[in-house]
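So the structure is just underneath, and the comments pick up after that.
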Amino acid sequence: MKFLLDENFPKSAAEVVEECGHIAIAFEDACDFGAEDDDVFATAQRLGAVILTSDRDFYHTVPLLHPHHAGIVVVALRQPNRRAIMERLKWFLANAGSSLVDTVCILRDYSCRIKR
């Protein structure tokens, strides 16, 4: 899978994504900083990439506005820090399967909610 790392996501996540056998696309390589969510979404769809973000708006709005998409993964931890985000991401990628098409996931400290 391809993952577009949103601008609010740690850049070091690219290493985790690639170590798990996926492709990581840095935000600055695909979008302008400060881009609106709609532009980030459109870019990810054009690239066929799952959006990897901490912006909870994607979890709530994408399924309502866009039933078909490459996928969204939101990491929403109580006390987000680089280490905690990387641990949840590693867990998720190890358990995600081979496709997130039309799937929106929110990773919390001890849970994962999935909308299809």
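Ordering of the structure tokens sets the chain letters (A, B, ...); residue numbers start at 1 within each chain; ligands are numbered from 1 in the order shown.
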
Check: Which of range 38-81 of chain A counts as strand (DSSP E) under DSSP, as number ranges by chain please?
Finding: A: 49-53, 72-75

Notebook entry, point to check: If you count only C-alpha atoms, which residues fall within 10 Å of Lys11 in chain A, apart from same-chain ones fewer than 2 positions away, as a count of residues only?
Noted result: 14

Note to self: If we count only C-alpha atoms and set the cut-off at 7 Å, which residues sit around range 68-80 of chain A, ignoring sequence neighbours fewer than 4 positions away in its own chain? Please answer as a ChimeraX atom specification.
What the structure shows: /A:45,48-56,59,84-85,100-109

Checklist line | In chain A, DSSP alpha helix (DSSP H) residues written as a count of residues only | finding: 45

Item checked: Pick from A:Phe3, A:Asp38, A:Val17, A:Ala94 nearest to Thr61 in chain A, counting only C-alpha atoms -> A:Asp38

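The space separating CA of Lys2 in chain A from CA of Leu93 in chain A comes to 11.9 Å.
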
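Taking CA of Trp91 in chain A and CA of Ser111 in chain A as the two end points, the separation is 10.9 Å.
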
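For the choices A:Leu65, A:Ala42, A:Cys20, A:Leu4, the atom-to-atom distance to Gly97 in chain A is smallest for A:Cys20 when using only C-alpha atoms.
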
Residues within 9 Å of Asp37 in chain A, please, as a CSV table (one decimal) with C-alpha atoms, in the first residue's frame. Count only C-alpha atoms; anything in the same chain fewer than 4 positions from it doesn't count.
chain,number,residue,atom,x,y,z
A,41,PHE,CA,-7.8,14.1,0.3
A,42,ALA,CA,-7.8,14.8,-3.5
A,57,ASP,CA,-11.8,15.4,11.0
A,58,PHE,CA,-10.8,12.8,8.4

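In this structure, CA of Ile114 in chain A sits 24.3 Å away from CA of Ser12 in chain A.
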